[in-house]
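**Q** Just so it is clear, I am handing over work-v5.txt, which has compact mmCIF, C-alpha atoms and all ligand atoms.
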# COMPACT_ATOMS: atom_id res chain seq x y z
CA MET A 1 30.29 8.04 -32.36
CA LYS A 2 26.86 6.71 -31.44
CA VAL A 3 23.79 8.23 -33.12
CA ILE A 4 20.61 7.74 -31.10
CA ASP A 5 17.05 8.76 -31.98
CA THR A 6 15.00 7.71 -28.95
CA ILE A 7 14.79 9.39 -25.55
CA ALA A 8 14.90 6.07 -23.66
CA GLU A 9 18.12 4.91 -25.34
CA PHE A 10 19.77 8.32 -25.05
CA ARG A 11 18.92 8.54 -21.36
CA ASN A 12 20.43 5.12 -20.67
CA THR A 13 23.54 5.79 -22.72
CA SER A 14 24.26 9.25 -21.29
CA ALA A 15 23.63 8.04 -17.72
CA GLY A 16 26.44 5.48 -18.14
CA ALA A 17 28.83 7.83 -20.00
CA ALA A 18 32.09 9.13 -18.51
CA LYS A 19 31.67 12.43 -16.65
CA PRO A 20 31.82 15.35 -17.02
CA LEU A 21 29.42 15.31 -19.94
CA GLY A 22 29.12 18.36 -22.21
CA LEU A 23 26.05 18.94 -24.40
CA VAL A 24 25.89 21.15 -27.49
CA PRO A 25 22.23 21.61 -28.52
CA THR A 26 21.83 22.45 -32.24
CA MET A 27 19.27 22.52 -35.01
CA GLY A 28 21.83 21.01 -37.40
CA PHE A 29 23.17 22.37 -40.71
CA LEU A 30 26.37 22.81 -38.74
CA HIS A 31 28.95 25.51 -39.41
CA GLN A 32 32.13 26.69 -37.73
CA GLY A 33 30.08 28.56 -35.11
CA HIS A 34 28.59 25.27 -33.91
CA MET A 35 31.95 23.55 -34.26
CA SER A 36 33.60 26.13 -31.98
CA LEU A 37 31.08 25.05 -29.28
CA VAL A 38 31.84 21.38 -29.99
CA GLN A 39 35.60 22.02 -29.75
CA ARG A 40 35.18 23.85 -26.45
CA ALA A 41 32.99 21.00 -25.14
CA ARG A 42 35.58 18.45 -26.33
CA ALA A 43 38.36 20.29 -24.48
CA GLU A 44 36.39 20.47 -21.21
CA ASN A 45 34.53 17.15 -20.90
CA ALA A 46 35.13 13.40 -20.89
CA THR A 47 31.99 12.83 -22.99
CA VAL A 48 30.62 15.18 -25.65
CA ALA A 49 27.01 14.93 -26.80
CA VAL A 50 25.43 16.97 -29.60
CA SER A 51 21.71 17.17 -30.24
CA ILE A 52 20.39 17.80 -33.76
CA PHE A 53 16.73 18.72 -33.77
CA VAL A 54 14.96 21.39 -35.83
CA ASN A 55 12.51 22.32 -33.12
CA PRO A 56 9.10 23.07 -34.69
CA THR A 57 7.70 24.83 -31.61
CA GLN A 58 10.17 27.73 -31.80
CA PHE A 59 8.98 28.70 -35.30
CA SER A 60 5.69 30.57 -35.74
CA PRO A 61 3.41 29.56 -38.63
CA ASN A 62 4.72 32.36 -40.90
CA GLU A 63 8.37 31.46 -40.28
CA ASP A 64 10.85 29.26 -42.10
CA PHE A 65 10.48 25.88 -40.31
CA SER A 66 10.03 23.75 -43.44
CA ALA A 67 12.63 25.79 -45.37
CA TYR A 68 15.16 25.67 -42.50
CA PRO A 69 18.30 24.09 -44.03
CA ARG A 70 19.09 20.48 -43.12
CA ASN A 71 21.95 18.13 -44.00
CA MET A 72 22.21 15.24 -41.54
CA GLY A 73 24.92 13.41 -43.56
CA ALA A 74 27.29 16.39 -43.57
CA ASP A 75 26.51 17.17 -39.90
CA LEU A 76 27.37 13.64 -38.76
CA ALA A 77 30.62 13.66 -40.77
CA MET A 78 31.71 16.93 -39.11
CA LEU A 79 30.82 15.67 -35.64
CA ARG A 80 32.63 12.35 -36.16
CA GLU A 81 35.71 14.25 -37.34
CA ALA A 82 35.54 16.48 -34.23
CA GLY A 83 35.56 13.45 -31.90
CA VAL A 84 31.99 13.71 -30.63
CA ASP A 85 30.85 10.66 -28.62
CA LEU A 86 27.04 10.83 -28.75
CA VAL A 87 24.52 12.40 -31.14
CA PHE A 88 20.87 12.73 -30.18
CA ALA A 89 18.79 13.18 -33.34
CA PRO A 90 15.15 12.49 -32.41
CA ARG A 91 12.14 12.78 -34.70
CA ALA A 92 9.53 15.43 -33.89
CA GLU A 93 7.02 12.76 -32.67
CA GLU A 94 9.60 11.47 -30.19
CA VAL A 95 10.01 14.92 -28.62
CA TYR A 96 6.38 16.00 -28.95
CA PRO A 97 4.22 12.86 -28.82
CA SER A 98 0.50 13.15 -29.30
CA GLY A 99 -1.08 14.83 -26.27
CA PHE A 100 1.97 16.99 -25.52
CA GLU A 101 0.77 20.19 -23.79
CA THR A 102 3.43 21.69 -21.51
CA GLN A 103 5.14 24.97 -22.38
CA VAL A 104 7.91 26.63 -20.41
CA ASP A 105 7.47 30.41 -20.09
CA VAL A 106 10.63 32.04 -18.75
CA GLY A 107 8.96 35.42 -18.11
CA ASN A 108 10.34 38.95 -18.55
CA ILE A 109 13.71 38.22 -20.10
CA ALA A 110 11.96 36.20 -22.83
CA SER A 111 9.36 38.89 -23.52
CA ARG A 112 11.71 41.57 -24.90
CA LEU A 113 13.46 42.01 -28.30
CA GLU A 114 13.24 38.63 -30.06
CA GLY A 115 10.37 37.67 -27.75
CA GLU A 116 8.39 40.73 -28.79
CA HIS A 117 9.06 40.21 -32.50
CA ARG A 118 8.70 36.42 -32.53
CA PRO A 119 5.80 35.67 -30.15
CA GLY A 120 6.06 32.13 -28.77
CA HIS A 121 9.65 31.68 -29.96
CA PHE A 122 11.25 31.51 -26.52
CA LYS A 123 8.51 29.25 -25.16
CA GLY A 124 9.53 26.80 -27.86
CA VAL A 125 13.24 27.24 -27.12
CA ALA A 126 12.83 27.00 -23.33
CA THR A 127 10.58 23.95 -23.59
CA VAL A 128 12.93 22.00 -25.84
CA VAL A 129 16.07 23.01 -23.92
CA CYS A 130 14.35 22.03 -20.65
CA LYS A 131 13.58 18.63 -22.18
CA LEU A 132 17.14 18.23 -23.49
CA LEU A 133 18.66 19.11 -20.13
CA THR A 134 16.44 16.61 -18.32
CA ILE A 135 17.00 13.85 -20.90
CA VAL A 136 20.78 14.29 -21.26
CA ARG A 137 21.61 15.59 -17.73
CA PRO A 138 24.82 17.30 -18.90
CA ASP A 139 27.33 18.84 -16.52
CA ARG A 140 27.87 21.66 -19.02
CA CYS A 141 25.74 22.95 -21.87
CA TYR A 142 27.19 25.19 -24.61
CA PHE A 143 25.56 28.11 -26.45
CA GLY A 144 26.78 30.92 -28.73
CA GLN A 145 26.79 34.61 -27.79
CA LYS A 146 25.35 35.31 -31.27
CA ASP A 147 21.99 34.37 -29.70
CA ALA A 148 22.61 36.62 -26.69
CA GLN A 149 18.99 36.72 -25.53
CA GLN A 150 18.64 32.95 -25.91
CA CYS A 151 21.65 32.58 -23.57
CA LEU A 152 19.98 34.82 -20.95
CA VAL A 153 16.68 32.94 -21.28
CA ILE A 154 18.41 29.58 -20.83
CA GLN A 155 20.46 30.80 -17.86
CA ARG A 156 17.21 31.95 -16.19
CA LEU A 157 15.50 28.63 -17.02
CA ASN A 158 18.43 26.57 -15.73
CA THR A 159 18.55 28.54 -12.46
CA ASP A 160 14.80 28.75 -11.86
CA LEU A 161 14.07 25.08 -12.55
CA ASN A 162 17.27 23.80 -10.85
CA LEU A 163 18.30 21.97 -14.00
CA GLY A 164 21.85 21.75 -12.69
CA ALA A 165 23.94 22.35 -15.80
CA GLU A 166 26.69 24.94 -16.11
CA ILE A 167 25.64 27.15 -19.03
CA VAL A 168 28.75 28.05 -21.05
CA VAL A 169 28.45 30.99 -23.45
CA CYS A 170 31.02 31.02 -26.28
CA PRO A 171 32.04 33.96 -28.50
CA THR A 172 30.32 34.67 -31.83
CA VAL A 173 32.25 33.26 -34.81
CA ARG A 174 32.39 35.62 -37.81
CA GLU A 175 33.40 35.44 -41.44
CA PRO A 176 36.59 37.43 -42.16
CA ASP A 177 34.42 40.37 -43.32
CA GLY A 178 32.41 40.38 -40.06
CA LEU A 179 29.19 38.51 -40.95
CA ALA A 180 28.23 36.31 -37.98
CA LEU A 181 27.98 32.64 -38.95
CA SER A 182 24.40 31.38 -39.13
CA SER A 183 22.71 28.43 -40.79
CA ARG A 184 20.41 30.97 -42.46
CA ASN A 185 23.32 32.66 -44.34
CA VAL A 186 23.03 29.93 -46.98
CA ASN A 187 19.74 31.52 -48.10
CA LEU A 188 21.43 34.82 -49.05
CA SER A 189 21.96 35.60 -52.75
CA PRO A 190 25.37 37.16 -53.63
CA ASP A 191 23.84 40.67 -53.51
CA GLU A 192 22.13 39.90 -50.20
CA ARG A 193 25.34 38.42 -48.79
CA ASN A 194 27.01 41.73 -49.58
CA ALA A 195 24.12 43.71 -48.05
CA SER A 196 24.21 41.57 -44.88
CA LEU A 197 27.49 43.24 -43.88
CA VAL A 198 25.40 46.20 -42.77
CA LEU A 199 24.68 44.39 -39.46
CA TYR A 200 28.34 44.17 -38.50
CA ARG A 201 28.99 47.70 -39.75
CA ALA A 202 26.17 49.05 -37.55
CA LEU A 203 27.45 47.15 -34.50
CA SER A 204 31.02 48.33 -35.14
CA LYS A 205 29.73 51.90 -35.42
CA ALA A 206 27.94 51.51 -32.07
CA LYS A 207 31.11 50.18 -30.46
CA ALA A 208 33.26 52.96 -31.92
CA MET A 209 30.82 55.61 -30.63
CA ARG A 210 30.73 54.03 -27.16
CA ASP A 211 34.55 53.69 -27.13
CA SER A 212 34.86 57.38 -27.97
CA GLY A 213 32.76 58.24 -24.91
CA VAL A 214 29.18 58.51 -26.26
CA ALA A 215 26.78 57.51 -23.46
CA ASP A 216 23.50 58.53 -25.08
CA ALA A 217 21.90 55.24 -26.19
CA GLU A 218 19.36 57.04 -28.41
CA GLU A 219 22.19 58.72 -30.31
CA ILE A 220 23.90 55.36 -30.84
CA LYS A 221 20.65 53.69 -31.96
CA LEU A 222 19.93 56.52 -34.41
CA ALA A 223 23.40 56.15 -35.95
CA MET A 224 22.86 52.38 -36.27
CA ARG A 225 19.42 52.84 -37.86
CA ASN A 226 20.72 55.46 -40.32
CA LEU A 227 23.51 53.14 -41.38
CA ILE A 228 21.16 50.17 -41.90
CA GLU A 229 18.56 52.28 -43.71
CA GLY A 230 21.30 53.27 -46.18
CA GLU A 231 21.31 49.65 -47.43
CA PRO A 232 18.40 49.19 -49.90
CA LEU A 233 18.12 45.41 -49.36
CA ALA A 234 17.91 45.73 -45.57
CA GLN A 235 14.74 46.17 -43.54
CA ILE A 236 15.02 46.77 -39.79
CA GLY A 237 13.10 44.51 -37.39
CA TYR A 238 14.50 46.24 -34.31
CA VAL A 239 17.64 48.02 -33.14
CA SER A 240 18.37 47.95 -29.43
CA VAL A 241 20.89 49.27 -26.94
CA ALA A 242 19.97 47.59 -23.70
CA ASP A 243 21.19 46.50 -20.31
CA PRO A 244 23.20 43.30 -21.01
CA PHE A 245 21.51 41.38 -18.16
CA THR A 246 17.88 42.58 -18.15
CA LEU A 247 17.64 43.65 -21.83
CA LEU A 248 15.75 46.76 -20.75
CA GLU A 249 16.38 49.61 -23.18
CA LEU A 250 18.85 52.19 -21.87
CA SER A 251 18.74 55.94 -22.26
CA ASN A 252 22.12 56.64 -20.68
CA ILE A 253 24.88 54.01 -20.81
CA ASP A 254 26.74 53.74 -17.54
CA GLY A 255 29.13 50.82 -18.08
CA GLN A 256 28.43 48.12 -20.66
CA ALA A 257 25.43 47.73 -22.96
CA LEU A 258 24.27 45.11 -25.43
CA ALA A 259 23.79 46.54 -28.92
CA SER A 260 21.61 44.14 -30.89
CA MET A 261 19.37 43.98 -33.91
CA ALA A 262 17.20 41.92 -36.19
CA VAL A 263 17.36 42.88 -39.87
CA HIS A 264 15.66 41.30 -42.85
CA ILE A 265 17.93 41.00 -45.86
CA GLY A 266 15.48 40.07 -48.58
CA LYS A 267 13.50 37.17 -47.11
CA THR A 268 16.22 36.16 -44.64
CA ARG A 269 15.98 37.40 -41.06
CA LEU A 270 19.40 37.90 -39.46
CA ILE A 271 20.24 38.79 -35.87
CA ASP A 272 23.51 39.94 -34.39
CA ASN A 273 24.81 41.71 -31.30
CA MET A 274 27.90 43.17 -29.66
CA VAL A 275 28.70 44.17 -26.11
CA ILE A 276 29.69 47.85 -26.24
O1 LIG L 301 20.14 27.94 -31.03
C1 LIG L 301 19.58 26.94 -31.51
O2 LIG L 301 20.05 26.32 -32.46
C2 LIG L 301 18.23 26.51 -30.94
O3 LIG L 301 17.48 27.60 -30.53
C3 LIG L 301 18.37 25.46 -29.81
C4 LIG L 301 19.08 26.07 -28.60
C5 LIG L 301 19.13 24.25 -30.29
C6 LIG L 301 16.98 25.01 -29.35
O4 LIG L 301 16.25 24.44 -30.38
Translate this file's structure into structure tokens.
Ligand code: PAF
**A**
Amino acid sequence: MKVIDTIAEFRNTSAGAAKPLGLVPTMGFLHQGHMSLVQRARAENATVAVSIFVNPTQFSPNEDFSAYPRNMGADLAMLREAGVDLVFAPRAEEVYPSGFETQVDVGNIASRLEGEHRPGHFKGVATVVCKLLTIVRPDRCYFGQKDAQQCLVIQRLNTDLNLGAEIVVCPTVREPDGLALSSRNVNLSPDERNASLVLYRALSKAKAMRDSGVADAEEIKLAMRNLIEGEPLAQIGYVSVADPFTLLELSNIDGQALASMAVHIGKTRLIDNMVI
């Protein structure tokens, strides 16, 4: 496994690598959710590249950029074990040299839900993913359904700017009790870890209501909110039942919907979603 920290060297190396090439972009502190993407990429490509970069531009000043967990040694050991060929781990100055100005704005799909609650977040994500796709030139690029809106934003970006990768969306990986894996889970105290189950319980409730024939999205959202508000350590950011492609809020569900939420458990902001 080759670990590279400059754009010039990565570009040269990936250009000469066996094709197809699969890229898994990450911010490190890897867990089994990331590794499920790596395994899928390993099964489908001749070369597997993973990027590790905690992207400062997708955090706003009041967010957890400096506290975001990092462990490069453990990450590299896991990637070596999984048979990854190339790791791109640039420093922030390599990605954003002095004078850097360009921002990629993906438009409507990026303005809703997470975009509304984390202004600037998706500009940061779209800009760095655009750079990664042009530096690495992968045939396939892998993302997790846990970040459902991020997947839609990146699909739009990839199509609109003709970036030429196939965007592969992989299922959310959960703990046995339902908590979606996230690098941020490490910040939860034991009581908060317990309280965090309220996200999965609310999504399961939404799915059960939809499966039993409820089509009124407001009724489903109210049930989700009531359930979350019953947990004293949880504070709702938003609860949404939306069209799974446009993310516009629904009143009546005619087919599938994306139930999603952001909930603060103590100081940790968690997101999760389920297609219902
Ligand atoms: O999902 C993530 O870890 C990040 O948003 C990504 C896609 C690596 C961009 O920094």
**Q** Write out as number ranges by chain the residues lying within 7 Å of A:Asn273, counting all atoms listed in the file and excluding same-chain residues fewer than 3 positions away.
**A** A: 146, 203, 258-261
**Q** List as a PDB file with C-alpha atoms, in the frame of the given file the protein and nucleic acid residues lying within 7 Å of ligand LIG 301 (chain L), with all atoms listed in the file counted.
**A**
ATOM      1  CA  PRO A  25      22.230  21.610 -28.520  1.00  0.00           C
ATOM      2  CA  THR A  26      21.830  22.450 -32.240  1.00  0.00           C
ATOM      3  CA  MET A  27      19.270  22.520 -35.010  1.00  0.00           C
ATOM      4  CA  PHE A  53      16.730  18.720 -33.770  1.00  0.00           C
ATOM      5  CA  VAL A  54      14.960  21.390 -35.830  1.00  0.00           C
ATOM      6  CA  ASN A  55      12.510  22.320 -33.120  1.00  0.00           C
ATOM      7  CA  VAL A 125      13.240  27.240 -27.120  1.00  0.00           C
ATOM      8  CA  VAL A 128      12.930  22.000 -25.840  1.00  0.00           C
ATOM      9  CA  VAL A 129      16.070  23.010 -23.920  1.00  0.00           C
ATOM     10  CA  ASP A 147      21.990  34.370 -29.700  1.00  0.00           C
TER      11      ASP A 147
END
**Q** Which residues, written as number ranges by chain, have at least one atom at most 8 Å from A:Gly237, with only C-alpha atoms counted and residues fewer than 6 positions away on the same chain left out?
**A** A: 117, 261-264
**Q** List every residue of stretch 142-175 of chain A that has an atom at most 10 Å from any atom of stretch 240-246 of chain A, giving for each one its closest atom pair and the distance in Å to one decimal, counting only C-alpha atoms, sorted by chain and then by ascending residue number, as a tab-separated table.
**A**
residue	atom	partner	partner_atom	distance
A:Ala148	CA	A:Pro244	CA	8.8
A:Gln149	CA	A:Pro244	CA	9.0
A:Leu152	CA	A:Phe245	CA	7.3
**Q** Please compute the atom CA of A:Phe100-atom CA of A:Leu132 distance, one decimal, in Å.
**A**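 About the pair atom CA of A:Phe100 and atom CA of A:Leu132: they are 15.4 Å apart.
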**Q** Scan for residues within 12 Å of the point (11.3, 26.7, -43.3) in the coordinates of the file, using all atoms listed in the file, and reply as a list in words.
**A**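 The residues near that point, listed by chain and number, are Val54, Asn55, Pro56, Gln58, Phe59, Ser60, Pro61, Asn62, Glu63, Asp64, Phe65, Ser66, Ala67, Tyr68, Pro69, Arg70, Ser183, Arg184, Asn187, Lys267, Thr268 and Arg269 of chain A.
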**Q** Mind dumping the selected residues with C-alpha atoms as a PDB file, keeping the file's coordinate frame?
**A**
ATOM      1  CA  VAL A  54      14.960  21.390 -35.830  1.00  0.00           C
ATOM      2  CA  ASN A  55      12.510  22.320 -33.120  1.00  0.00           C
ATOM      3  CA  PRO A  56       9.100  23.070 -34.690  1.00  0.00           C
ATOM      4  CA  GLN A  58      10.170  27.730 -31.800  1.00  0.00           C
ATOM      5  CA  PHE A  59       8.980  28.700 -35.300  1.00  0.00           C
ATOM      6  CA  SER A  60       5.690  30.570 -35.740  1.00  0.00           C
ATOM      7  CA  PRO A  61       3.410  29.560 -38.630  1.00  0.00           C
ATOM      8  CA  ASN A  62       4.720  32.360 -40.900  1.00  0.00           C
ATOM      9  CA  GLU A  63       8.370  31.460 -40.280  1.00  0.00           C
ATOM     10  CA  ASP A  64      10.850  29.260 -42.100  1.00  0.00           C
ATOM     11  CA  PHE A  65      10.480  25.880 -40.310  1.00  0.00           C
ATOM     12  CA  SER A  66      10.030  23.750 -43.440  1.00  0.00           C
ATOM     13  CA  ALA A  67      12.630  25.790 -45.370  1.00  0.00           C
ATOM     14  CA  TYR A  68      15.160  25.670 -42.500  1.00  0.00           C
ATOM     15  CA  PRO A  69      18.300  24.090 -44.030  1.00  0.00           C
ATOM     16  CA  ARG A  70      19.090  20.480 -43.120  1.00  0.00           C
ATOM     17  CA  SER A 183      22.710  28.430 -40.790  1.00  0.00           C
ATOM     18  CA  ARG A 184      20.410  30.970 -42.460  1.00  0.00           C
ATOM     19  CA  ASN A 187      19.740  31.520 -48.100  1.00  0.00           C
ATOM     20  CA  LYS A 267      13.500  37.170 -47.110  1.00  0.00           C
ATOM     21  CA  THR A 268      16.220  36.160 -44.640  1.00  0.00           C
ATOM     22  CA  ARG A 269      15.980  37.400 -41.060  1.00  0.00           C
TER      23      ARG A 269
END
